[in-house]
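J.: What follows is the file target-v6.txt, containing compact mmCIF, C-alpha atoms:
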# COMPACT_ATOMS: atom_id res chain seq x y z
CA MET A 247 -3.67 29.65 -24.51
CA GLN A 248 -5.49 32.96 -24.99
CA THR A 249 -8.93 31.47 -24.41
CA ASP A 250 -7.99 29.80 -21.13
CA TRP A 251 -9.38 32.61 -19.00
CA ILE A 252 -12.81 32.24 -20.64
CA TRP A 253 -12.89 28.54 -19.75
CA GLY A 254 -11.65 29.46 -16.29
CA LEU A 255 -14.57 31.84 -15.88
CA VAL A 256 -17.13 29.36 -17.31
CA GLY A 257 -15.80 26.55 -15.10
CA GLY A 258 -15.72 28.92 -12.13
CA LEU A 259 -19.39 29.83 -12.66
CA MET A 260 -20.21 26.09 -12.77
CA ILE A 261 -18.30 25.50 -9.51
CA GLY A 262 -20.08 28.42 -7.84
CA THR A 263 -23.47 27.20 -9.10
CA ALA A 264 -22.71 23.72 -7.71
CA ALA A 265 -21.90 25.31 -4.34
CA ALA A 266 -25.09 27.40 -4.50
CA ILE A 267 -27.21 24.28 -5.20
CA PHE A 268 -25.60 22.47 -2.24
CA LEU A 269 -26.22 25.45 0.05
CA LEU A 270 -29.79 26.32 -0.97
CA GLY A 271 -30.79 22.68 -1.48
CA ASN A 272 -29.17 20.81 1.39
CA GLY A 273 -28.21 23.73 3.60
CA ARG A 274 -24.54 22.75 3.48
CA ILE A 275 -21.19 24.33 2.67
CA MET A 276 -19.64 22.72 -0.42
CA GLY A 277 -16.13 22.16 0.92
CA ALA A 278 -14.30 19.28 -0.76
CA SER A 279 -11.92 18.66 2.16
CA GLY A 280 -14.80 18.78 4.66
CA ILE A 281 -16.92 16.34 2.63
CA ILE A 282 -14.01 13.86 2.28
CA GLY A 283 -12.57 14.49 5.76
CA GLY A 284 -15.85 13.80 7.55
CA LEU A 285 -15.85 10.30 6.05
CA VAL A 286 -12.13 9.74 6.73
CA ASP A 287 -12.14 10.69 10.44
CA ARG A 288 -15.71 9.39 10.91
CA THR A 289 -17.04 12.71 12.22
CA GLY A 290 -19.44 12.98 9.28
CA LEU A 291 -20.95 9.50 9.28
CA SER A 292 -24.46 10.82 9.99
CA THR A 293 -24.45 12.35 6.52
CA TRP A 294 -22.41 9.64 4.78
CA ALA A 295 -24.97 9.03 2.00
CA GLU A 296 -24.96 12.70 1.02
CA ARG A 297 -21.14 12.81 1.12
CA ALA A 298 -20.63 9.53 -0.77
CA THR A 299 -23.11 10.55 -3.49
CA PHE A 300 -21.41 13.92 -3.90
CA LEU A 301 -17.99 12.26 -4.24
CA ALA A 302 -19.25 9.58 -6.64
CA ALA A 303 -20.77 12.24 -8.92
CA LEU A 304 -17.55 14.28 -8.62
CA VAL A 305 -15.61 11.33 -10.09
CA ILE A 306 -18.17 10.07 -12.64
CA VAL A 307 -19.30 13.28 -14.37
CA PRO A 308 -15.83 14.55 -15.42
CA ALA A 309 -14.93 11.01 -16.53
CA LEU A 310 -18.00 10.96 -18.80
CA MET A 311 -17.05 14.37 -20.23
CA LEU A 312 -13.55 13.33 -21.31
CA PRO A 313 -14.65 12.14 -24.81
CA LEU A 314 -15.84 15.72 -25.51
CA TYR A 315 -12.24 16.87 -25.47
CA ARG A 316 -10.41 16.41 -28.75
CA VAL A 317 -7.01 16.57 -27.12
CA GLU A 318 -6.12 14.15 -24.36
CA VAL A 319 -6.78 15.58 -20.92
CA SER A 320 -3.96 15.17 -18.41
CA THR A 321 -3.42 16.14 -14.78
CA ASN A 322 0.27 16.68 -15.63
CA ILE A 323 1.08 15.60 -12.08
CA THR A 324 4.80 15.15 -11.43
CA SER A 325 6.28 11.65 -11.68
CA ASN A 326 8.34 12.41 -8.57
CA LEU A 327 6.48 10.21 -6.10
CA ALA A 328 8.16 11.74 -3.04
CA VAL A 329 6.85 15.19 -4.04
CA VAL A 330 3.35 13.80 -4.72
CA ILE A 331 3.18 12.05 -1.34
CA ALA A 332 4.58 15.04 0.56
CA GLY A 333 2.04 17.26 -1.21
CA GLY A 334 -0.84 14.91 -0.40
CA LEU A 335 0.11 14.61 3.27
CA LEU A 336 0.39 18.40 3.65
CA VAL A 337 -2.94 18.97 1.88
CA GLY A 338 -4.68 16.38 4.08
CA LEU A 339 -3.20 17.68 7.33
CA GLY A 340 -3.59 21.34 6.43
CA THR A 341 -7.18 21.27 5.22
CA ARG A 342 -8.36 19.44 8.34
CA LEU A 343 -6.45 21.76 10.69
CA ALA A 344 -7.76 24.84 8.87
CA ASN A 345 -11.23 23.33 8.45
CA GLY A 346 -11.36 24.02 4.73
CA CYS A 347 -9.61 24.26 1.39
CA THR A 348 -10.03 26.15 -1.89
CA SER A 349 -13.75 25.35 -2.19
CA GLY A 350 -14.79 25.79 1.45
CA HIS A 351 -12.71 28.82 2.44
CA GLY A 352 -12.10 30.26 -1.03
CA VAL A 353 -15.46 29.88 -2.78
CA CYS A 354 -17.97 29.58 0.10
CA GLY A 355 -16.11 31.66 2.71
CA ILE A 356 -15.06 34.71 0.68
CA SER A 357 -18.55 35.03 -0.89
CA ARG A 358 -19.95 35.23 2.66
CA PHE A 359 -17.37 37.90 3.60
CA SER A 360 -16.15 35.51 6.30
CA LEU A 361 -12.92 36.77 7.87
CA ARG A 362 -11.79 33.17 8.42
CA GLY A 363 -12.29 32.31 4.75
CA ILE A 364 -10.47 35.43 3.54
CA VAL A 365 -7.52 34.97 5.95
CA ALA A 366 -7.22 31.25 5.13
CA THR A 367 -7.21 32.04 1.38
CA VAL A 368 -4.52 34.71 1.77
CA PHE A 369 -2.31 32.34 3.80
CA TYR A 370 -2.64 29.32 1.50
CA LEU A 371 -1.99 31.45 -1.60
CA LEU A 372 1.09 32.97 0.04
CA ALA A 373 2.34 29.55 1.15
CA GLY A 374 1.74 28.15 -2.34
CA GLY A 375 3.64 31.04 -3.94
CA ILE A 376 6.58 30.69 -1.55
CA THR A 377 6.62 26.93 -2.18
CA MET A 378 6.96 27.58 -5.92
CA VAL A 379 9.88 29.96 -5.33
CA LEU A 380 11.64 27.51 -3.01
CA PHE A 381 11.00 24.23 -4.77
CA ARG A 382 10.90 25.36 -8.41
CA HIS A 383 13.30 28.29 -8.66
CA LEU A 384 15.78 27.58 -5.87
CA LEU A 385 15.80 23.78 -5.50
CA GLY A 386 14.40 22.81 -8.91
CA VAL A 387 12.43 19.78 -7.69
CA ILE A 388 9.03 20.77 -9.18
CA MET B 160 -34.01 10.95 -1.35
CA GLN B 161 -34.22 14.61 -2.33
CA ARG B 162 -30.97 15.43 -0.56
CA ILE B 163 -29.19 12.60 -2.37
CA VAL B 164 -30.34 13.92 -5.75
CA ILE B 165 -29.15 17.43 -4.79
CA SER B 166 -25.78 15.99 -3.67
CA ALA B 167 -25.41 14.19 -7.01
CA ILE B 168 -26.25 17.32 -9.05
CA SER B 169 -23.92 19.49 -6.97
CA GLY B 170 -21.03 16.99 -7.00
CA GLY B 171 -21.39 16.38 -10.74
CA LEU B 172 -21.53 20.06 -11.61
CA PHE B 173 -18.56 20.74 -9.32
CA GLY B 174 -16.53 18.06 -11.11
CA ALA B 175 -17.55 19.34 -14.54
CA GLY B 176 -16.58 22.87 -13.52
CA LEU B 177 -13.19 21.73 -12.24
CA LEU B 178 -12.48 19.98 -15.56
CA VAL B 179 -13.73 22.87 -17.74
CA SER B 180 -11.84 25.52 -15.75
CA GLY B 181 -8.54 23.64 -15.93
CA MET B 182 -8.25 23.18 -12.16
CA THR B 183 -7.55 19.47 -12.65
CA ASP B 184 -4.37 20.38 -14.57
CA THR B 185 -1.45 20.77 -12.15
CA ASN B 186 0.40 22.92 -14.72
CA LYS B 187 -2.39 25.51 -14.52
CA VAL B 188 -2.47 25.55 -10.71
CA GLN B 189 1.31 25.73 -10.36
CA GLY B 190 1.41 28.32 -13.15
CA TRP B 191 -0.92 30.52 -11.08
CA LEU B 192 1.14 30.11 -7.90
CA ASP B 193 4.41 30.66 -9.77
CA VAL B 194 4.34 34.45 -9.70
CA PHE B 195 8.04 34.71 -10.61
CA GLY B 196 7.80 32.21 -13.49
CA ALA B 197 5.48 32.08 -16.52
CA TRP B 198 2.52 33.37 -14.50
CA ASP B 199 -0.91 32.06 -15.53
CA PRO B 200 -3.85 34.21 -14.31
CA THR B 201 -6.60 31.66 -15.18
CA LEU B 202 -7.20 30.66 -11.56
CA ALA B 203 -8.25 34.20 -10.63
CA PHE B 204 -11.08 33.89 -13.18
CA VAL B 205 -12.04 30.49 -11.73
CA LEU B 206 -12.24 31.83 -8.18
CA GLY B 207 -13.95 35.05 -9.28
CA GLY B 208 -16.46 33.12 -11.40
CA ALA B 209 -17.20 30.73 -8.54
CA ILE B 210 -17.78 33.50 -6.00
CA LEU B 211 -20.47 35.23 -8.14
CA PRO B 212 -23.26 32.58 -7.85
CA MET B 213 -22.39 32.15 -4.17
CA LEU B 214 -22.86 35.87 -3.47
CA VAL B 215 -26.43 35.44 -4.75
CA ALA B 216 -26.88 32.18 -2.82
CA TRP B 217 -25.77 33.65 0.52
CA HIS B 218 -28.11 36.59 -0.10
CA LEU B 219 -31.01 34.16 -0.72
CA THR B 220 -30.30 32.39 2.59
CA THR B 221 -31.33 35.59 4.36
CA LYS B 222 -34.71 35.52 2.57
CA ARG B 223 -35.64 31.95 3.48
CA ALA B 224 -35.82 30.28 6.86
CA VAL B 225 -34.54 26.85 5.81
CA SER B 226 -32.97 25.07 2.84
CA LEU B 227 -35.01 23.13 0.25
CA VAL B 228 -34.78 19.85 2.20
CA GLY B 229 -35.65 21.63 5.45
CA ASN B 230 -32.19 21.89 7.03
CA PRO B 231 -31.26 25.19 8.61
CA PHE B 232 -28.58 27.15 6.76
CA PRO B 233 -25.06 26.94 8.23
CA SER B 234 -24.55 29.53 10.96
CA LYS B 235 -21.71 32.05 10.73
CA PRO B 236 -18.52 30.41 11.99
CA ASP B 237 -16.70 31.64 15.08
CA PRO B 238 -14.95 34.76 13.76
CA ARG B 239 -11.83 34.15 15.88
CA LEU B 240 -8.96 33.17 13.61
CA GLY B 241 -6.87 30.89 15.83
CA HIS B 242 -3.51 29.24 15.25
CA ASN B 243 -4.97 26.10 13.62
CA LEU B 244 -6.55 28.14 10.82
CA ILE B 245 -3.25 29.84 10.01
CA ILE B 246 -0.96 26.80 10.44
CA GLY B 247 -3.40 24.58 8.54
CA SER B 248 -3.74 27.05 5.66
CA VAL B 249 0.06 27.38 5.36
CA LEU B 250 0.51 23.57 5.32
CA PHE B 251 -2.30 23.21 2.77
CA GLY B 252 -0.86 25.95 0.55
CA ALA B 253 2.57 24.30 0.61
CA GLY B 254 1.11 20.92 -0.38
CA TRP B 255 -1.07 22.53 -3.05
CA GLY B 256 2.01 24.18 -4.55
CA LEU B 257 4.15 21.03 -4.36
CA ALA B 258 1.70 18.70 -6.10
CA GLY B 259 -0.55 21.20 -7.91
CA LEU B 260 -3.68 19.47 -6.64
CA CYS B 261 -6.19 20.34 -3.93
CA PRO B 262 -8.89 17.93 -2.62
CA GLY B 263 -11.68 18.64 -5.16
CA PRO B 264 -9.61 18.38 -8.36
CA ALA B 265 -7.72 15.36 -6.97
CA ILE B 266 -10.98 13.41 -6.60
CA ALA B 267 -12.44 14.78 -9.87
CA SER B 268 -9.41 13.59 -11.87
CA LEU B 269 -9.36 10.12 -10.28
CA SER B 270 -10.29 8.38 -13.56
CA TRP B 271 -7.41 9.90 -15.58
CA GLY B 272 -4.89 10.93 -12.92
CA GLY B 273 -2.98 7.63 -13.05
CA THR B 274 -0.79 6.33 -10.21
CA GLY B 275 0.37 9.86 -9.31
CA GLY B 276 -3.22 10.96 -8.72
CA ILE B 277 -4.01 7.87 -6.67
CA ALA B 278 -0.82 8.29 -4.59
CA PHE B 279 -1.82 11.89 -3.91
CA ILE B 280 -5.33 10.90 -2.75
CA LEU B 281 -3.99 8.12 -0.47
CA ALA B 282 -1.41 10.48 1.07
CA MET B 283 -4.12 13.13 1.52
CA ILE B 284 -6.36 10.62 3.33
CA ALA B 285 -3.41 9.63 5.56
CA GLY B 286 -2.85 13.32 6.32
CA MET B 287 -6.54 13.75 7.16
CA MET B 288 -6.37 10.76 9.53
CA ALA B 289 -3.28 12.19 11.24
CA ALA B 290 -4.73 15.71 11.55
CA PRO B 291 -6.56 15.29 14.91
CA ALA B 292 -3.31 14.14 16.61
CA LEU B 293 -1.39 17.11 15.15
CA ARG B 294 -4.18 19.48 16.22
CA LEU B 295 -3.87 18.15 19.80
CA ARG B 296 -0.12 18.71 19.82
CA ILE B 297 -0.42 22.25 18.42
CA ASP B 298 -3.12 23.11 20.97
CA ARG B 299 -0.89 21.81 23.77
CA ILE B 300 2.08 23.89 22.60
CA ALA B 301 -0.14 26.95 22.17
CA ALA B 302 -1.48 26.58 25.70
CA ILE B 303 2.00 26.89 27.23
If you took the structure in this file and wrote it as structure tokens, what would it be?

T.:
Amino acid sequence: MQTDWIWGLVGGLMIGTAAAIFLLGNGRIMGASGIIGGLVDRTGLSTWAERATFLAALVIVPALMLPLYRVEVSTNITSNLAVVIAGGLLVGLGTRLANGCTSGHGVCGISRFSLRGIVATVFYLLAGGITMVLFRHLLGVI
Amino acid sequence: MQRIVISAISGGLFGAGLLVSGMTDTNKVQGWLDVFGAWDPTLAFVLGGAILPMLVAWHLTTKRAVSLVGNPFPSKPDPRLGHNLIIGSVLFGAGWGLAGLCPGPAIASLSWGGTGGIAFILAMIAGMMAAPALRLRIDRIAAI
């Protein structure tokens, strides 16, 4: 749709403001994979209450907003379970190896002019683009 | 208590922003990555819009000694890039392209993502649990 970019910008400003509140308030980087990963591999148990609250609000608030949308909201995720599981495994492995994902490296890293954040973003965008070429245009699985 | 309230506000606003921007829709994400298909530029506006408040926030961290709750601000990370950053980012990008979800939107869409969304989150958690073992192997190979 033609208005999609406006909603992209508005949503982006909300995401950035959320990250700014987390940084200036709690002194922490708002990285989704870091917040989840610290609970999963038990390296972040000292701040578990902060992490669990963040994740609970991340689930509850969008769920409460759904009735505002006149059309049904969908993730449109593929029904191909093998692709979903492969994607999930790669995202879990990759974000922990790289110490960040779209929010940590992309939003919080680039805005700090961090070389690590910029390089990580370039590499995951390239890998994502190549994946689309391979798996959508050549193999036709997604 | 204060830090819990801040976490709730930040997490809630993050989730709302992900929904509003369209990042929870895998069609939008894959449309952005699909440069040779029907390319969708929305995600550039999401990332650009998100960076703006953070530019201000990072600037403010230089004006204050500590955060609101009294924690020090995160120090600049080690600038060395390292093989794990590159390999990890490539693996993450491939998974992001395959499924069209990254960690934040996957969690945010938990209530309407259905079995596909739940399968993605479980696989992601399994990947996160396996990551330290893979990191050890990569470090060992790199040391040769």

J.: Rounded to one decimal in Å, what is the spacing between atom CA of B:Ile277 and atom CA of B:Val249?

T.: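 According to the coordinates, atom CA of B:Ile277 and atom CA of B:Val249 are separated by 23.3 Å.
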
J.: Skip A:Asp287 itself and residues of its chain fewer than 5 positions away, then list as a PDB file with C-alpha atoms, in the coordinates of the input all residues within 10 Å of it, counting all atoms listed in the file.

T.:
ATOM      1  CA  ILE A 282     -14.010  13.860   2.280  1.00  0.00           C
ATOM      2  CA  ARG A 342      -8.360  19.440   8.340  1.00  0.00           C
TER       3      ARG A 342
ATOM      4  CA  ILE B 284      -6.360  10.620   3.330  1.00  0.00           C
ATOM      5  CA  MET B 287      -6.540  13.750   7.160  1.00  0.00           C
ATOM      6  CA  MET B 288      -6.370  10.760   9.530  1.00  0.00           C
ATOM      7  CA  ALA B 289      -3.280  12.190  11.240  1.00  0.00           C
ATOM      8  CA  ALA B 290      -4.730  15.710  11.550  1.00  0.00           C
ATOM      9  CA  PRO B 291      -6.560  15.290  14.910  1.00  0.00           C
TER      10      PRO B 291
END

J.: One decimal, in Å: what's the spacing between atom CA of B:Leu192 and atom CA of B:Trp255?

T.: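 For atom CA of B:Leu192 relative to atom CA of B:Trp255, the distance reads 9.3 Å.
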
J.: Might you pull out every residue within 12 Å of A:Ala328, with all atoms listed in the file counted and same-chain residues fewer than 4 positions away left off, and present them as a list in words?

T.: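 Surrounding residues, per the criterion: Thr324, Ala332, Gly333, Gly334, Leu335, Val387 and Ile388 of chain A; Gly254, Leu257, Ala258, Gly275, Ala278, Phe279 and Ala282 of chain B.
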
J.: Need to verify the contact set: A:Phe359, 12 Å, only C-alpha atoms, exclusion of same-chain residues closer than 6 positions in sequence. Can you return it as a list in words?

T.: His351, Gly352, Val353, Val365 and Thr367 of chain A; Ile210, Met213, Leu214, Trp217, His218, Lys235, Pro236 and Pro238 of chain B

J.: Please write the residues from the selection above to a file, keeping C-alpha atoms, as an mmCIF file, keeping the file's coordinate frame.

T.:
data_model
loop_
_atom_site.group_PDB
_atom_site.id
_atom_site.type_symbol
_atom_site.label_atom_id
_atom_site.label_comp_id
_atom_site.auth_asym_id
_atom_site.auth_seq_id
_atom_site.Cartn_x
_atom_site.Cartn_y
_atom_site.Cartn_z
ATOM 1 C CA HIS A 351 -12.710 28.820 2.440
ATOM 2 C CA GLY A 352 -12.100 30.260 -1.030
ATOM 3 C CA VAL A 353 -15.460 29.880 -2.780
ATOM 4 C CA VAL A 365 -7.520 34.970 5.950
ATOM 5 C CA THR A 367 -7.210 32.040 1.380
ATOM 6 C CA ILE B 210 -17.780 33.500 -6.000
ATOM 7 C CA MET B 213 -22.390 32.150 -4.170
ATOM 8 C CA LEU B 214 -22.860 35.870 -3.470
ATOM 9 C CA TRP B 217 -25.770 33.650 0.520
ATOM 10 C CA HIS B 218 -28.110 36.590 -0.100
ATOM 11 C CA LYS B 235 -21.710 32.050 10.730
ATOM 12 C CA PRO B 236 -18.520 30.410 11.990
ATOM 13 C CA PRO B 238 -14.950 34.760 13.760
#

J.: To one decimal in Å, tell me the separation between atom CA of A:Gly338 and atom CA of B:Trp198.

T.: 26.2 Å

J.: Looking at A:Phe300, A:Trp294, A:Tyr315, A:Phe268, which one is nearest to B:Ser226, with distances taken over only C-alpha atoms?

T.: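 Under the stated criterion, the closest residue is A:Phe268.
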
J.: Between B:Gln161, B:Leu293, B:Leu269, B:Arg223, single out the one closest to B:Leu250, counting only C-alpha atoms.

T.: B:Leu293
